[in-house]
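Content type compact mmCIF, C-alpha atoms, from the file start01.txt:
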# COMPACT_ATOMS: atom_id res chain seq x y z
CA MET A 1214 0.00 0.00 0.00
CA ALA A 1215 2.89 2.36 0.74
CA VAL A 1216 4.54 1.54 -2.60
CA VAL A 1217 1.28 2.12 -4.50
CA THR A 1218 0.86 5.45 -2.70
CA ALA A 1219 4.41 6.55 -3.54
CA VAL A 1220 4.03 5.60 -7.20
CA ASP A 1221 0.63 7.30 -7.48
CA VAL A 1222 1.87 10.55 -5.92
CA SER A 1223 5.09 10.67 -7.95
CA ALA A 1224 3.81 9.44 -11.32
CA GLY A 1225 0.33 10.93 -11.25
CA PRO A 1226 -3.10 9.47 -11.82
CA GLY A 1227 -2.35 8.53 -15.42
CA VAL A 1228 -0.47 5.39 -14.36
CA GLY A 1229 -3.65 3.85 -12.93
CA PHE A 1230 -2.03 2.19 -9.91
CA LEU A 1231 -4.69 3.29 -7.43
CA PRO A 1232 -6.81 0.05 -7.52
CA LEU A 1233 -3.69 -1.87 -6.46
CA VAL A 1234 -4.21 -0.51 -2.93
CA SER A 1235 -6.62 -3.45 -2.56
CA LEU A 1236 -3.58 -5.76 -2.38
CA GLY A 1237 -3.22 -4.68 1.25
CA PRO A 1238 -6.44 -6.29 2.54
CA ALA A 1239 -5.94 -9.20 0.13
CA PHE A 1240 -2.63 -10.19 1.72
CA ALA A 1241 -3.96 -9.41 5.20
CA GLY A 1242 -6.75 -11.93 4.63
CA LEU A 1243 -4.20 -14.60 3.74
CA VAL A 1244 -2.00 -14.29 6.82
CA GLY A 1245 -3.98 -12.43 9.49
CA GLY A 1246 -7.24 -12.67 11.36
CA TRP A 1247 -10.49 -11.10 10.27
CA ARG A 1248 -10.06 -8.11 12.58
CA ARG A 1249 -6.65 -7.33 11.16
CA THR A 1250 -8.03 -7.73 7.64
CA ALA A 1251 -10.89 -5.33 8.42
CA VAL A 1252 -8.47 -2.74 9.86
CA VAL A 1253 -6.14 -2.98 6.87
CA GLY A 1254 -9.13 -2.83 4.51
CA SER A 1255 -10.46 0.29 6.23
CA ALA A 1256 -7.03 1.91 5.97
CA ALA A 1257 -6.85 0.98 2.28
CA PHE A 1258 -10.33 2.44 1.68
CA LEU A 1259 -9.41 5.73 3.36
CA LEU A 1260 -6.09 5.82 1.51
CA CYS A 1261 -7.84 5.17 -1.81
CA LEU A 1262 -10.40 7.88 -1.03
CA GLY A 1263 -7.67 10.39 -0.14
CA LEU A 1264 -5.57 9.64 -3.21
CA GLY A 1265 -8.65 9.80 -5.42
CA ILE A 1266 -9.48 13.28 -4.11
CA TYR A 1267 -5.81 14.32 -4.44
CA ASP A 1268 -5.67 13.12 -8.05
CA GLY A 1269 -9.11 14.55 -8.90
CA LEU A 1270 -10.38 11.15 -9.98
CA PHE A 1271 -13.89 11.59 -8.55
CA GLU A 1272 -14.61 14.48 -10.90
CA GLY A 1273 -14.67 12.00 -13.78
CA ARG A 1274 -15.96 9.03 -11.81
CA ARG A 1275 -12.64 7.24 -12.21
CA GLY A 1276 -12.19 6.93 -8.48
CA LEU A 1277 -15.43 5.05 -7.83
CA PRO A 1278 -14.29 1.72 -9.37
CA ALA A 1279 -11.10 1.88 -7.28
CA LEU A 1280 -13.13 2.40 -4.08
CA LEU A 1281 -15.47 -0.43 -4.98
CA SER A 1282 -12.55 -2.77 -5.70
CA VAL A 1283 -10.96 -2.02 -2.31
CA ALA A 1284 -14.30 -2.52 -0.53
CA GLY A 1285 -14.98 -5.79 -2.36
CA VAL A 1286 -11.53 -7.23 -1.71
CA THR A 1287 -11.80 -6.25 1.97
CA VAL A 1288 -15.14 -8.04 2.38
CA ALA A 1289 -13.80 -11.12 0.58
CA GLY A 1290 -10.64 -11.05 2.71
CA VAL A 1291 -12.64 -10.86 5.95
CA VAL A 1292 -14.82 -13.80 4.89
CA ALA A 1293 -11.76 -15.82 3.85
CA ALA A 1294 -9.99 -15.04 7.15
CA VAL A 1295 -13.02 -16.20 9.17
CA MET A 1296 -13.21 -19.48 7.22
CA ARG A 1297 -9.47 -20.04 7.51
CA GLN A 1298 -9.51 -19.49 11.28
CA ARG A 1299 -12.35 -21.98 11.63
CA ARG A 1300 -10.40 -24.58 9.64
CA GLU A 1301 -7.30 -23.92 11.73
CA ALA A 1302 -9.32 -24.43 14.92
CA GLU A 1303 -10.70 -27.71 13.59
CA LEU A 1304 -7.20 -28.84 12.59
CA ALA A 1305 -5.90 -27.99 16.07
CA ASN A 1306 -8.65 -30.16 17.59
CA VAL A 1307 -7.81 -33.04 15.26
CA ARG A 1308 -4.13 -32.74 16.14
CA SER A 1309 -4.89 -32.82 19.86
CA ILE A 1310 -6.96 -35.97 19.36
CA ALA A 1311 -4.10 -37.48 17.32
CA GLU A 1312 -1.69 -36.71 20.15
CA VAL A 1313 -3.92 -38.62 22.58
CA ALA A 1314 -4.25 -41.51 20.13
CA GLN A 1315 -0.48 -41.61 19.75
CA ARG A 1316 0.08 -41.81 23.49
CA VAL A 1317 -2.44 -44.66 23.75
CA LEU A 1318 -1.30 -46.61 20.69
CA LEU A 1319 2.45 -45.98 20.70
CA ARG A 1320 3.37 -45.38 24.29
CA PRO A 1321 6.89 -44.20 25.14
CA VAL A 1322 9.22 -47.16 25.60
CA PRO A 1323 11.39 -47.42 28.72
CA ARG A 1324 14.90 -46.03 28.39
CA GLY A 1325 16.36 -49.01 30.18
CA ALA A 1326 15.62 -52.47 31.56
CA GLY A 1327 18.33 -54.04 33.68
CA PRO A 1328 21.51 -54.13 31.57
CA LEU A 1329 19.60 -53.13 28.43
CA ARG A 1330 19.30 -49.62 27.00
CA ILE A 1331 16.42 -48.97 24.63
CA ALA A 1332 15.60 -46.21 22.14
CA VAL A 1333 12.89 -45.84 19.52
CA SER A 1334 12.30 -43.71 16.42
CA TYR A 1335 9.07 -43.36 14.42
CA THR A 1336 8.57 -41.36 11.23
CA SER A 1337 5.14 -41.28 9.61
CA ALA A 1338 4.94 -40.97 5.85
CA VAL A 1339 1.68 -38.99 6.12
CA ALA A 1340 2.22 -35.25 6.35
CA GLU A 1341 1.32 -33.82 9.77
CA ALA A 1342 0.63 -37.32 11.12
CA ARG A 1343 2.24 -38.87 14.18
CA ILE A 1344 0.93 -42.42 13.88
CA GLY A 1345 0.46 -44.85 11.02
CA GLY A 1346 0.64 -48.56 10.22
CA ASP A 1347 3.97 -49.33 11.95
CA LEU A 1348 3.95 -50.48 15.56
CA TYR A 1349 6.30 -51.24 18.43
CA GLU A 1350 6.10 -52.06 22.12
CA VAL A 1351 8.33 -53.13 25.02
CA VAL A 1352 6.86 -54.91 28.08
CA PRO A 1353 8.39 -56.86 30.99
CA SER A 1354 8.83 -60.58 30.59
CA PRO A 1355 7.48 -62.96 33.27
CA GLY A 1356 10.91 -64.57 33.53
CA GLY A 1357 12.81 -61.29 33.70
CA GLY A 1358 14.04 -59.06 30.92
CA VAL A 1359 11.76 -57.65 28.27
CA ARG A 1360 9.56 -58.75 25.41
CA ILE A 1361 9.45 -56.67 22.25
CA ILE A 1362 7.28 -56.44 19.17
CA VAL A 1363 7.97 -54.41 16.02
CA GLY A 1364 5.56 -54.73 13.13
CA ASP A 1365 4.14 -53.28 9.96
CA VAL A 1366 0.45 -53.37 9.04
CA GLN A 1367 -0.50 -53.88 5.42
CA GLY A 1368 -2.12 -50.79 3.98
CA LYS A 1369 -2.44 -47.25 5.28
CA GLY A 1370 -4.92 -44.91 6.89
CA LEU A 1371 -7.33 -45.47 9.74
CA GLU A 1372 -7.75 -49.18 8.98
CA ALA A 1373 -4.01 -49.70 9.43
CA VAL A 1374 -4.06 -47.76 12.71
CA GLU A 1375 -6.98 -49.87 13.94
CA SER A 1376 -5.16 -53.10 13.09
CA ALA A 1377 -2.04 -51.83 14.85
CA ALA A 1378 -4.13 -51.14 17.95
CA VAL A 1379 -5.47 -54.71 17.93
CA VAL A 1380 -1.97 -56.18 17.66
CA LEU A 1381 -0.53 -53.98 20.39
CA GLY A 1382 -3.44 -54.60 22.75
CA ALA A 1383 -3.14 -58.38 22.37
CA PHE A 1384 0.64 -58.29 22.74
CA ARG A 1385 0.61 -56.13 25.89
CA GLU A 1386 -1.71 -58.58 27.62
CA ALA A 1387 -0.16 -61.81 26.37
CA ALA A 1388 3.47 -60.77 26.86
CA GLN A 1389 2.98 -60.50 30.63
CA ASP A 1390 0.82 -63.63 30.99
CA GLU A 1391 2.35 -66.29 28.75
CA ALA A 1392 5.46 -68.21 29.72
CA GLU A 1393 6.54 -68.95 26.13
CA LEU A 1394 7.12 -66.48 23.32
CA THR A 1395 5.32 -68.79 20.87
CA ALA A 1396 2.21 -68.58 23.05
CA VAL A 1397 2.40 -64.78 22.88
CA GLY A 1398 2.54 -64.96 19.09
CA ALA A 1399 -0.41 -67.38 19.01
CA ARG A 1400 -2.59 -65.05 21.07
CA VAL A 1401 -1.75 -62.09 18.87
CA GLU A 1402 -2.55 -64.23 15.83
CA ARG A 1403 -5.97 -65.17 17.21
CA ALA A 1404 -6.82 -61.59 18.14
CA LEU A 1405 -5.84 -60.32 14.71
CA GLY A 1406 -7.71 -63.14 12.99
CA ARG A 1407 -10.93 -61.98 14.63
CA HIS A 1408 -10.30 -58.44 13.43
CA LEU A 1409 -8.95 -58.78 9.92
CA GLY A 1410 -10.86 -59.97 6.88
CA GLY A 1411 -9.75 -61.32 3.53
CA GLU A 1412 -6.00 -61.54 2.94
CA ARG A 1413 -4.87 -58.56 4.98
CA PHE A 1414 -1.90 -59.17 7.27
CA VAL A 1415 0.70 -57.72 9.63
CA THR A 1416 4.38 -58.55 9.47
CA ALA A 1417 6.00 -58.58 12.89
CA VAL A 1418 9.00 -59.80 14.83
CA LEU A 1419 8.69 -60.70 18.51
CA ALA A 1420 11.71 -60.87 20.79
CA GLU A 1421 12.51 -61.91 24.33
CA ILE A 1422 15.71 -60.46 25.75
CA GLY A 1423 17.04 -61.01 29.24
CA ASP A 1424 20.47 -60.35 30.70
CA GLY A 1425 22.22 -62.65 28.23
CA PRO A 1426 23.77 -64.52 26.68
CA SER A 1427 21.17 -64.69 23.89
CA ALA A 1428 17.94 -63.18 22.54
CA THR A 1429 15.00 -65.25 21.32
CA LEU A 1430 13.25 -64.10 18.14
CA LEU A 1431 9.94 -65.10 16.57
CA ASN A 1432 9.61 -63.72 13.05
CA PHE A 1433 6.23 -63.44 11.27
CA GLY A 1434 7.46 -62.51 7.79
CA HIS A 1435 9.17 -59.32 8.99
CA PRO A 1436 12.58 -57.96 7.94
CA ALA A 1437 15.27 -59.60 10.04
CA PRO A 1438 16.71 -57.43 12.84
CA LEU A 1439 20.22 -56.05 12.42
CA VAL A 1440 22.82 -57.34 14.89
CA VAL A 1441 25.83 -55.11 15.56
CA ARG A 1442 28.50 -56.87 17.61
CA ALA A 1443 30.75 -55.16 20.12
CA GLY A 1444 33.68 -55.88 17.84
CA GLY A 1445 32.07 -54.08 14.92
CA THR A 1446 30.79 -57.02 12.86
CA VAL A 1447 27.31 -56.62 11.38
CA ASP A 1448 24.79 -59.29 10.43
CA PHE A 1449 21.07 -59.84 10.00
CA ALA A 1450 19.33 -62.19 12.46
CA ALA A 1451 17.41 -64.03 9.76
CA PRO A 1452 15.15 -66.92 10.88
CA PRO A 1453 16.07 -70.47 9.80
CA GLU A 1454 12.99 -70.51 7.57
CA ARG A 1455 10.46 -67.96 6.43
CA ALA A 1456 6.98 -67.82 7.98
CA LEU A 1457 3.70 -66.20 7.04
CA PRO A 1458 2.76 -62.83 8.53
CA LEU A 1459 0.19 -62.44 11.28
CA GLY A 1460 -3.35 -62.76 9.97
CA LEU A 1461 -2.54 -65.45 7.39
CA ALA A 1462 -2.46 -68.48 9.71
CA ALA A 1463 -5.30 -70.11 7.76
CA TYR A 1464 -3.05 -70.31 4.68
CA GLY A 1465 -0.19 -72.13 6.43
CA GLY A 1466 -0.21 -75.62 7.93
CA ASP A 1467 3.06 -75.60 9.87
CA GLY A 1468 1.71 -73.88 12.99
CA GLY A 1469 3.52 -70.59 12.54
CA PRO A 1470 7.15 -69.56 12.89
CA ARG A 1471 9.64 -71.32 15.12
CA PRO A 1472 11.66 -69.34 17.66
CA HIS A 1473 15.39 -69.01 17.14
CA THR A 1474 18.12 -67.59 19.32
CA VAL A 1475 20.74 -64.97 18.56
CA PRO A 1476 23.87 -64.45 20.70
CA PHE A 1477 23.54 -61.18 22.60
CA ALA A 1478 26.48 -60.24 24.80
CA PRO A 1479 27.65 -57.02 26.48
CA GLY A 1480 28.38 -54.35 23.88
CA ASP A 1481 26.07 -55.92 21.27
CA GLN A 1482 23.14 -54.10 19.68
CA LEU A 1483 19.89 -55.29 18.11
CA LEU A 1484 18.14 -52.93 15.70
CA PHE A 1485 14.51 -53.74 14.91
CA TYR A 1486 13.03 -51.81 12.00
CA THR A 1487 10.25 -51.77 9.40
CA ASP A 1488 10.60 -51.86 5.63
CA GLY A 1489 10.11 -48.10 5.43
CA VAL A 1490 13.76 -47.89 6.45
CA THR A 1491 15.37 -50.43 4.12
CA GLU A 1492 13.08 -49.66 1.16
CA ALA A 1493 13.83 -45.92 1.14
CA ARG A 1494 15.31 -45.20 -2.31
CA ASP A 1495 17.63 -42.52 -3.56
CA GLY A 1496 17.40 -40.76 -6.91
CA THR A 1497 18.87 -43.78 -8.73
CA GLY A 1498 16.42 -46.23 -7.14
CA ARG A 1499 19.00 -47.74 -4.76
CA PHE A 1500 17.61 -49.05 -1.48
CA TYR A 1501 18.97 -47.76 1.81
CA PRO A 1502 21.98 -49.93 2.80
CA LEU A 1503 21.22 -50.35 6.49
CA ASP A 1504 24.05 -52.79 7.17
CA GLU A 1505 26.59 -50.45 5.57
CA ARG A 1506 25.41 -47.55 7.75
CA ALA A 1507 25.56 -49.50 11.01
CA VAL A 1508 28.58 -47.38 11.94
CA LEU A 1509 26.10 -44.61 12.75
CA LEU A 1510 25.04 -46.61 15.82
CA LYS A 1511 28.40 -46.05 17.53
CA ASP A 1512 27.13 -43.06 19.55
CA ASP A 1513 27.12 -43.71 23.30
CA ASP A 1514 23.56 -42.36 23.52
CA PRO A 1515 21.12 -44.83 21.88
CA GLU A 1516 18.62 -42.06 21.10
CA ALA A 1517 21.31 -39.97 19.40
CA ALA A 1518 22.43 -43.04 17.45
CA LEU A 1519 18.90 -43.67 16.16
CA CYS A 1520 18.53 -39.98 15.32
CA ALA A 1521 21.65 -40.21 13.17
CA VAL A 1522 20.26 -43.21 11.31
CA ARG A 1523 16.88 -41.50 10.78
CA GLU A 1524 18.51 -38.37 9.38
CA ASP A 1525 20.68 -40.52 7.12
CA VAL A 1526 17.62 -42.38 5.79
CA VAL A 1527 15.88 -39.08 4.98
CA ALA A 1528 19.05 -37.77 3.32
CA HIS A 1529 19.31 -40.99 1.29
CA ALA A 1530 15.69 -40.63 0.12
CA GLU A 1531 16.38 -36.99 -0.79
CA GLY A 1532 13.05 -35.90 0.66
CA PRO A 1533 10.08 -37.13 2.68
CA LEU A 1534 9.74 -40.89 3.09
CA HIS A 1535 7.01 -42.67 1.13
CA ASP A 1536 6.34 -45.22 3.86
CA ASP A 1537 6.22 -45.22 7.65
CA ALA A 1538 9.61 -45.97 9.19
CA ALA A 1539 9.98 -47.34 12.72
CA MET A 1540 13.22 -48.34 14.46
CA LEU A 1541 13.79 -49.77 17.92
CA LEU A 1542 17.34 -50.17 19.22
CA VAL A 1543 18.29 -52.48 22.11
CA ARG A 1544 21.83 -52.12 23.42
CA TYR A 1545 23.53 -54.41 25.94
CA ARG A 1546 25.68 -52.31 28.27
CA LYS A 1547 29.38 -52.96 28.34
CA ALA A 1548 29.88 -51.58 31.86
CA PRO A 1549 28.37 -53.24 34.93
CA TRP A 1550 24.83 -52.00 35.42
CA THR A 1551 23.50 -50.38 38.56
CA ALA A 1552 20.03 -49.00 39.19
CA GLU A 1553 21.50 -45.58 39.98
CA ALA A 1554 23.22 -45.38 36.60
CA GLU A 1555 20.00 -45.11 34.63
CA GLY A 1556 17.01 -42.81 34.76
CA PRO A 1557 13.51 -44.21 34.18
CA VAL A 1558 13.70 -47.98 33.73
CA LEU A 1559 11.32 -50.86 33.24
CA ALA A 1560 10.94 -52.81 36.44
CA GLY A 1561 8.09 -55.25 36.25
CA GLY A 1562 5.67 -52.78 34.66
CA ARG A 1563 5.09 -49.25 33.45
Structure rendered as C-alpha cells:
Amino acid sequence: MAVVTAVDVSAGPGVGFLPLVSLGPAFAGLVGGWRRTAVVGSAAFLLCLGLGIYDGLFEGRRGLPALLSVAGVTVAGVVAAVMRQRREAELANVRSIAEVAQRVLLRPVPRGAGPLRIAVSYTSAVAEARIGGDLYEVVPSPGGGVRIIVGDVQGKGLEAVESAAVVLGAFREAAQDEAELTAVGARVERALGRHLGGERFVTAVLAEIGDGPSATLLNFGHPAPLVVRAGGTVDFAAPPERALPLGLAAYGGDGGPRPHTVPFAPGDQLLFYTDGVTEARDGTGRFYPLDERAVLLKDDDPEAALCAVREDVVAHAEGPLHDDAAMLLVRYRKAPWTAEAEGPVLAGGR
C-alpha cells in the first residue's frame, strides 16, 4: 500500500495504480485474522479515497471503481480469514486428538531395563501425522528381561491404525501372561484373525531379551533385525525358515514360525526396523543400505544413534519418506549395570 501510494503521488493518476491498494487487505486476509483484515481494509479504503481526491479522480468518476474494488476485496478477505480461522481451529482439535491416540497406541518405551538400554524412532509418511501402520512395544517378561514387538500393518490410513491397535493390545496382555514367546505370538494371531478380513496381514518380529547370553526371536514374515557386535561385525538375524505374517495363519499348515536364538552379549546391539527404512530409495532407485550404515550406531547415547540413522535415511531418500519408518534399538551395556546409573527404567511394569 505504501509503494502504491508513492508511485501514485510521484507518477500521477495517469499510471492507474490506485486500484492496487486493494492488495493490502488481500494479503492481510491470507496471513492475518479477520479483525486485522478489516483494519487494513479500512485503511486501504481511506487511503484510496484520499488519493482519489488528491488526483481529482472523482470528478470524472474514475475513483469510484477503485473504491469499490478495495471494498470488495476487503469483504472477501474478511470472509476468507473467518473461514481459515475456523479450519485452523478444527485442525488444532484433530491434532490434539491425534496426540492422545499416539500416546495410547504408541506409548513411550522405557529407556532401560536391567543391563539393556532402549531407544525408539518413528517417522510417519503422512504429512502432519504422528501415527500410522507401523507399531512397536516393550513390556516386561514374566521370567525377567523384556519382550518386544515391532511390526508393519498392510495398507495405510485409519484401517491400518486400527489393526495396529489390535496387535498392540493383544501383545501387551499376552506378553505379561504367557510363559513362552510362541504362546504370545499365538494369542496375537488369534486376536488379529478376529479383526482382519480377507487376505490382509501384519508382518512382525517378537523378541525376548534377558540379561544374556542370547535373545529369542519369533519372526512373522518381517525384515530380520540387524545385529551389531561389540567388535564391529554386522549381520542380519534371519530366521532359519520364512513364515507367514500375522493374519494369514489359515493359509499355512506348519503352525507358525519357530523361535530361534541370537547371541547377545555385552556391547552388542539389536536394531529392529520396518521396511520403510530399508526400502527408502535414492534418486537412482537404490535401497537404503542399512548394514553399511551401522557405523552410525556407535554413539554412546542410543537415542542420538537412532537420530543419526533416521537423518541418514531421509538424506538418502532426498526428501520425505514414502512409507512409515519405525526403528527400535536395544543395546547391551558394556559396563556393569547399577540402578542408579540409569534414569527411568522398566521394572516389572510401566
Skipping near chain neighbours, those fewer than 3 positions away, what residues fall within 7 Å of A:Phe1384 using all atoms listed in the file, listed as number ranges by chain?
A: 1380-1381, 1387-1388, 1397, 1401
Would you write out those residues with C-alpha atoms, as a CSV table (one decimal), keeping the file's coordinate frame?
chain,number,residue,atom,x,y,z
A,1380,VAL,CA,-2.0,-56.2,17.7
A,1381,LEU,CA,-0.5,-54.0,20.4
A,1387,ALA,CA,-0.2,-61.8,26.4
A,1388,ALA,CA,3.5,-60.8,26.9
A,1397,VAL,CA,2.4,-64.8,22.9
A,1401,VAL,CA,-1.8,-62.1,18.9
Nearest to A:Ser1282, chosen from A:Ala1257, A:Val1252, A:Ala1378, A:Val1440, with only C-alpha atoms counted in the distances
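Looking at the shortest contact to A:Ser1282, the residue is A:Ala1257.
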I'd like the neighbourhood of A:Glu1402 as a PyMOL selection string, where a residue qualifies if any of its atoms comes within 9 Å (using all atoms listed in the file), though same-chain residues fewer than 4 positions away should be ignored.
chain A and resi 1380+1383+1397-1398+1406-1407+1459-1462
For stretch 1276-1370 of chain A versus stretch 1537-1542 of chain A, which residues have an atom no more than 6 Å away, and what is each residue's nearest atom pair and distance in Å rounded to one decimal, using only C-alpha atoms, chain-then-number order, as a Markdown table?
| residue | atom | partner | partner_atom | distance |
| --- | --- | --- | --- | --- |
| A:Ile1331 | CA | A:Leu1542 | CA | 5.6 |
| A:Ala1332 | CA | A:Leu1542 | CA | 5.2 |
| A:Val1333 | CA | A:Leu1541 | CA | 4.3 |
| A:Ser1334 | CA | A:Met1540 | CA | 5.1 |
| A:Tyr1335 | CA | A:Ala1539 | CA | 4.4 |
| A:Thr1336 | CA | A:Ala1538 | CA | 5.1 |
| A:Ser1337 | CA | A:Asp1537 | CA | 4.5 |
| A:Ala1338 | CA | A:Asp1537 | CA | 4.8 |
Neighbouring residues of A:Arg1360 were defined as those with any atom within 8 Å, considering only C-alpha atoms; residues of the same chain fewer than 5 positions away were excluded. Please report them as an NGL selection string.
:A and (1351-1354 or 1388 or 1419-1422)
Counting all atoms listed in the file, the residue of A:Thr1487, A:Ser1427, A:Ser1309, A:Gln1389 that sits nearest A:Gly1356:
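The answer is A:Gln1389, which sits nearest to A:Gly1356.
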Å distance separating atom CA of A:Val1291 from atom CA of A:Val1253, one decimal place
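These two atoms are separated by 10.3 Å.
Among the candidates A:Leu1259, A:Val1379, A:Leu1319, A:Leu1329, the one nearest to A:Glu1350 when counting all atoms listed in the file is A:Leu1319.
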Is there a way to get, as a compact mmCIF listing (two decimals) with C-alpha atoms, keeping the file's coordinate frame, all residues within 10 Å of the point (6.1, -51.1, 9.0) in file coordinates, counting only C-alpha atoms?
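Wrote part.txt, looks like this:
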# COMPACT_ATOMS: atom_id res chain seq x y z
CA TYR A 1335 9.07 -43.36 14.42
CA SER A 1337 5.14 -41.28 9.61
CA GLY A 1345 0.46 -44.85 11.02
CA GLY A 1346 0.64 -48.56 10.22
CA ASP A 1347 3.97 -49.33 11.95
CA LEU A 1348 3.95 -50.48 15.56
CA TYR A 1349 6.30 -51.24 18.43
CA VAL A 1363 7.97 -54.41 16.02
CA GLY A 1364 5.56 -54.73 13.13
CA ASP A 1365 4.14 -53.28 9.96
CA VAL A 1366 0.45 -53.37 9.04
CA GLN A 1367 -0.50 -53.88 5.42
CA GLY A 1368 -2.12 -50.79 3.98
CA VAL A 1415 0.70 -57.72 9.63
CA THR A 1416 4.38 -58.55 9.47
CA ALA A 1417 6.00 -58.58 12.89
CA HIS A 1435 9.17 -59.32 8.99
CA PRO A 1436 12.58 -57.96 7.94
CA TYR A 1486 13.03 -51.81 12.00
CA THR A 1487 10.25 -51.77 9.40
CA ASP A 1488 10.60 -51.86 5.63
CA GLY A 1489 10.11 -48.10 5.43
CA VAL A 1490 13.76 -47.89 6.45
CA ASP A 1536 6.34 -45.22 3.86
CA ASP A 1537 6.22 -45.22 7.65
CA ALA A 1538 9.61 -45.97 9.19
CA ALA A 1539 9.98 -47.34 12.72
CA MET A 1540 13.22 -48.34 14.46
